[in-house]
file protein-v1.txt (compact mmCIF, C-alpha atoms)
# COMPACT_ATOMS: atom_id res chain seq x y z
CA MET A 1 41.26 -38.09 64.10
CA THR A 2 37.59 -37.75 63.17
CA ARG A 3 36.25 -36.17 59.99
CA GLU A 4 34.99 -33.18 61.95
CA GLU A 5 38.44 -32.62 63.46
CA LYS A 6 40.07 -32.89 60.02
CA HIS A 7 37.53 -30.49 58.55
CA ALA A 8 38.17 -28.01 61.38
CA ILE A 9 41.94 -28.19 60.78
CA VAL A 10 41.49 -27.68 57.02
CA GLN A 11 39.19 -24.71 57.73
CA GLU A 12 41.73 -23.21 60.19
CA LEU A 13 44.57 -23.74 57.73
CA SER A 14 42.55 -22.21 54.87
CA GLU A 15 41.91 -19.13 57.00
CA LYS A 16 45.62 -18.84 57.80
CA PHE A 17 46.48 -19.12 54.10
CA ALA A 18 43.94 -16.36 53.37
CA GLU A 19 45.39 -14.12 56.13
CA ASN A 20 49.05 -14.71 55.25
CA SER A 21 50.10 -14.20 51.65
CA PHE A 22 53.54 -15.61 52.56
CA PHE A 23 54.16 -19.09 53.90
CA TYR A 24 56.95 -21.63 53.68
CA ILE A 25 56.73 -25.40 53.88
CA THR A 26 59.58 -27.14 55.66
CA ASP A 27 60.50 -30.66 56.71
CA ALA A 28 61.38 -30.95 60.38
CA GLY A 29 61.82 -34.72 60.25
CA GLY A 30 64.85 -35.89 62.18
CA MET A 31 64.99 -32.82 64.41
CA THR A 32 65.12 -33.30 68.14
CA VAL A 33 62.35 -31.94 70.32
CA ALA A 34 64.83 -29.42 71.73
CA GLY A 35 65.79 -28.34 68.18
CA ILE A 36 62.16 -27.85 67.16
CA ASN A 37 61.51 -25.88 70.36
CA ARG A 38 64.50 -23.60 69.62
CA PHE A 39 63.20 -23.09 66.09
CA ARG A 40 59.68 -22.30 67.32
CA ARG A 41 61.11 -19.85 69.87
CA LEU A 42 63.05 -18.06 67.12
CA CYS A 43 59.89 -17.94 64.99
CA PHE A 44 57.93 -16.49 67.90
CA ASP A 45 60.65 -13.88 68.57
CA LYS A 46 60.50 -12.81 64.89
CA GLY A 47 56.69 -12.61 64.85
CA MET A 48 56.17 -15.78 62.81
CA GLU A 49 54.35 -19.02 63.49
CA PHE A 50 55.54 -22.57 62.82
CA LYS A 51 53.17 -25.51 63.00
CA VAL A 52 53.29 -29.11 61.76
CA TYR A 53 50.34 -30.43 59.73
CA LYS A 54 49.47 -33.63 57.85
CA ASN A 55 50.25 -33.37 54.13
CA THR A 56 46.75 -34.35 53.06
CA LEU A 57 45.24 -31.58 55.18
CA ILE A 58 47.73 -29.05 53.76
CA ARG A 59 46.79 -30.20 50.22
CA LYS A 60 43.06 -29.70 50.91
CA ALA A 61 43.69 -26.25 52.38
CA LEU A 62 45.91 -25.28 49.41
CA ASP A 63 43.02 -26.13 47.08
CA THR A 64 41.01 -23.32 48.68
CA LEU A 65 43.55 -20.65 47.66
CA GLY A 66 42.06 -20.17 44.21
CA SER A 67 45.37 -20.49 42.37
CA ASP A 68 47.15 -23.47 40.83
CA THR A 69 49.20 -25.04 43.62
CA ALA A 70 49.72 -28.47 42.01
CA GLU A 71 53.48 -27.84 41.85
CA MET A 72 53.50 -27.76 45.65
CA ASP A 73 52.65 -31.50 45.72
CA ASN A 74 56.38 -32.21 45.33
CA ALA A 75 56.98 -30.46 48.66
CA LEU A 76 54.23 -32.36 50.47
CA LYS A 77 56.24 -35.45 51.30
CA GLY A 78 57.57 -36.44 54.71
CA GLN A 79 56.84 -34.36 57.79
CA SER A 80 55.61 -30.94 56.76
CA GLY A 81 55.62 -27.86 58.91
CA ILE A 82 54.32 -24.49 57.76
CA LEU A 83 56.04 -21.23 58.60
CA PHE A 84 53.63 -18.29 58.40
CA SER A 85 54.78 -14.69 57.97
CA LYS A 86 52.71 -11.53 57.72
CA GLU A 87 55.49 -9.00 57.19
CA SER A 88 57.38 -10.10 54.06
CA GLY A 89 58.11 -12.98 51.75
CA SER A 90 61.80 -12.99 52.55
CA ALA A 91 61.52 -12.96 56.35
CA PRO A 92 61.02 -16.74 56.71
CA ALA A 93 64.00 -17.43 54.40
CA ARG A 94 66.19 -15.13 56.48
CA LEU A 95 64.90 -16.81 59.65
CA LEU A 96 65.78 -20.27 58.30
CA GLN A 97 69.28 -19.10 57.37
CA GLU A 98 69.74 -17.48 60.79
CA PHE A 99 68.64 -20.72 62.48
CA TYR A 100 71.07 -22.74 60.34
CA LYS A 101 73.94 -20.47 61.44
CA LYS A 102 72.92 -20.62 65.11
CA GLU A 103 72.71 -24.40 65.00
CA GLY A 104 76.11 -24.65 63.31
CA TYR A 105 75.11 -26.36 60.09
CA GLY A 106 78.08 -26.40 57.73
CA LYS A 107 78.11 -26.53 53.94
CA LYS A 108 77.94 -30.34 53.81
CA ALA A 109 75.49 -30.91 56.65
CA ILE A 110 71.79 -31.16 55.84
CA ALA A 111 70.25 -28.22 57.66
CA LYS A 112 67.03 -28.86 59.55
CA PRO A 113 64.25 -27.87 59.12
CA VAL A 114 64.69 -28.44 55.38
CA PHE A 115 63.13 -25.81 53.13
CA LYS A 116 60.72 -27.57 50.75
CA GLY A 117 58.67 -24.77 49.19
CA ALA A 118 57.18 -21.32 49.52
CA TYR A 119 54.01 -19.51 48.50
CA ILE A 120 54.62 -15.79 48.06
CA ASP A 121 51.84 -13.60 46.67
CA SER A 122 50.42 -16.43 44.49
CA ASP A 123 53.87 -17.51 43.25
CA LEU A 124 55.26 -20.94 44.08
CA PHE A 125 58.91 -21.72 44.79
CA VAL A 126 59.53 -25.44 45.24
CA GLY A 127 62.97 -26.79 46.07
CA SER A 128 65.81 -25.92 48.41
CA GLU A 129 67.70 -24.09 45.65
CA TYR A 130 65.29 -21.13 46.04
CA LEU A 131 66.09 -20.42 49.70
CA GLU A 132 69.06 -18.13 48.98
CA THR A 133 67.12 -16.23 46.30
CA LEU A 134 64.08 -15.81 48.54
CA SER A 135 66.19 -14.44 51.38
CA LYS A 136 67.33 -11.58 49.12
CA ILE A 137 63.85 -10.48 48.01
CA LYS A 138 63.02 -7.03 49.31
CA SER A 139 59.71 -6.41 51.02
CA LYS A 140 57.11 -4.11 49.54
CA GLN A 141 57.93 -1.43 52.13
CA GLU A 142 61.66 -1.61 51.34
CA LEU A 143 60.98 -1.20 47.62
CA ILE A 144 58.63 1.74 48.20
CA GLY A 145 61.25 3.38 50.43
CA GLU A 146 63.91 2.99 47.74
CA ILE A 147 61.63 4.43 45.05
CA ILE A 148 60.74 7.42 47.22
CA GLY A 149 64.43 7.98 47.96
CA LEU A 150 65.25 7.88 44.26
CA LEU A 151 62.42 10.27 43.43
CA GLN A 152 63.36 12.71 46.20
CA SER A 153 67.03 12.83 45.28
CA PRO A 154 66.71 14.80 41.99
CA ALA A 155 64.11 17.13 43.49
CA LYS A 156 66.42 17.92 46.42
CA ASN A 157 69.29 18.62 44.00
CA VAL A 158 67.15 21.02 41.94
CA ILE A 159 65.90 22.84 45.04
CA SER A 160 69.37 23.17 46.54
CA GLY A 161 70.71 24.34 43.17
CA LEU A 162 68.02 27.00 42.92
CA GLN A 163 68.57 28.11 46.48
CA GLY A 164 72.32 28.18 46.05
CA GLY A 165 72.03 29.97 42.72
CA GLY A 166 69.73 32.59 44.21
CA ASN A 167 72.26 33.41 46.91
CA LYS A 168 75.07 33.71 44.33
CA LEU A 169 72.95 35.94 42.10
CA ALA A 170 72.05 38.19 45.04
CA GLY A 171 75.73 38.39 46.00
CA ILE A 172 76.77 39.35 42.45
CA LEU A 173 74.04 42.03 42.23
CA LYS A 174 75.05 43.45 45.60
CA THR A 175 78.74 43.56 44.56
CA LEU A 176 77.86 45.29 41.28
CA SER A 177 75.66 47.86 42.98
CA GLU A 178 78.42 48.68 45.49
CA LYS A 179 80.98 49.29 42.70
CA GLU A 180 78.84 51.93 41.00
call {"tool": "encode", "arguments": {"input": "protein-v1.txt", "output": "structure tokens"}}
result
Amino acid sequence: MTREEKHAIVQELSEKFAENSFFYITDAGGMTVAGINRFRRLCFDKGMEFKVYKNTLIRKALDTLGSDTAEMDNALKGQSGILFSKESGSAPARLLQEFYKKEGYGKKAIAKPVFKGAYIDSDLFVGSEYLETLSKIKSKQELIGEIIGLLQSPAKNVISGLQGGGNKLAGILKTLSEKE
């Protein structure tokens, strides 16, 4: 690979990092070609992209992010593939877990591709112990929806109480006026 080709890949990767504020680094070493193809198909179906890069090129592209990504060096060993997601930080974690279930990985089996690290809105999560936690993170849209629901709930109760109270008051006044 020539310097120009490496520079072009680093440039492309830097642009992808700038476009996607969520990406996961995985290790697909030891996977069969058929297994990688099934994983890529699942990624495509979920609107994500998975691509394998050289660790040194990933490191150079990470340096362009403008934040401290030195902790990610621990994840840049072995074969590294990057899983890009535009929709949410938890979507790739859920996708990995779904793939593990589909492939039949048990508790003791080492699931492939192995989760090595994630970059989510300038935060780094390095190590497989974070996968479960990351899968439970709610997206920005989910959080906004919950907040709106919580804010609307008391307002709806007040409005229904006022409407219901108005009907009761009108009924009482009508009853009283009929008695006289």
call {"tool": "closest_residue", "arguments": {"input": "protein-v1.txt", "among": "A:Lys86, A:Lys54, A:Arg40, A:Lys77", "to": "A:Phe115", "atoms": "all atoms listed in the file"}}
result
A:Lys77
call {"tool": "axis_aligned_box", "arguments": {"input": "protein-v1.txt", "around": "stretch 4-18 of chain A", "padding_each_side": "4 Å", "output": "JSON"}}
result
{"center_x": 40.7, "center_y": -24.8, "center_z": 58.4, "size_x": 19.5, "size_y": 24.8, "size_z": 18.1}
call {"tool": "residues_around", "arguments": {"input": "protein-v1.txt", "residues": "stretch 79-82 of chain A", "least_positions_apart": "5", "cutoff": "12 Å", "atoms": "all atoms listed in the file", "output": "VMD selection string"}}
result
chain A and resid 13 16 to 17 20 22 to 31 36 39 to 40 43 48 to 59 62 72 to 74 92 112 to 119
call {"tool": "atom_distance", "arguments": {"input": "protein-v1.txt", "atom1": "atom CA of A:Asp121", "atom2": "atom CA of A:Thr64"}}
result
14.7 Å
call {"tool": "atom_distance", "arguments": {"input": "protein-v1.txt", "atom1": "atom CA of A:Ile9", "atom2": "atom CA of A:Leu124"}}
result
22.6 Å
call {"tool": "closest_atom_pairs", "arguments": {"input": "protein-v1.txt", "of": "stretch 47-107 of chain A", "to": "stretch 133-143 of chain A", "cutoff": "9 Å", "atoms": "all atoms listed in the file", "output": "tab-separated table"}}
result
residue	atom	partner	partner_atom	distance
A:Glu87	CA	A:Ser139	CA	7.9
A:Ser88	CA	A:Ser139	CA	5.3
A:Gly89	CA	A:Ser139	CA	6.8
A:Ser90	CA	A:Ser135	CA	4.8
A:Ala91	CA	A:Ser135	CA	7.0
A:Pro92	CA	A:Ser135	CA	7.8
A:Ala93	CA	A:Ser135	CA	4.8
A:Arg94	CA	A:Ser135	CA	5.1
A:Leu95	CA	A:Ser135	CA	8.7
A:Gln97	CA	A:Ser135	CA	8.2
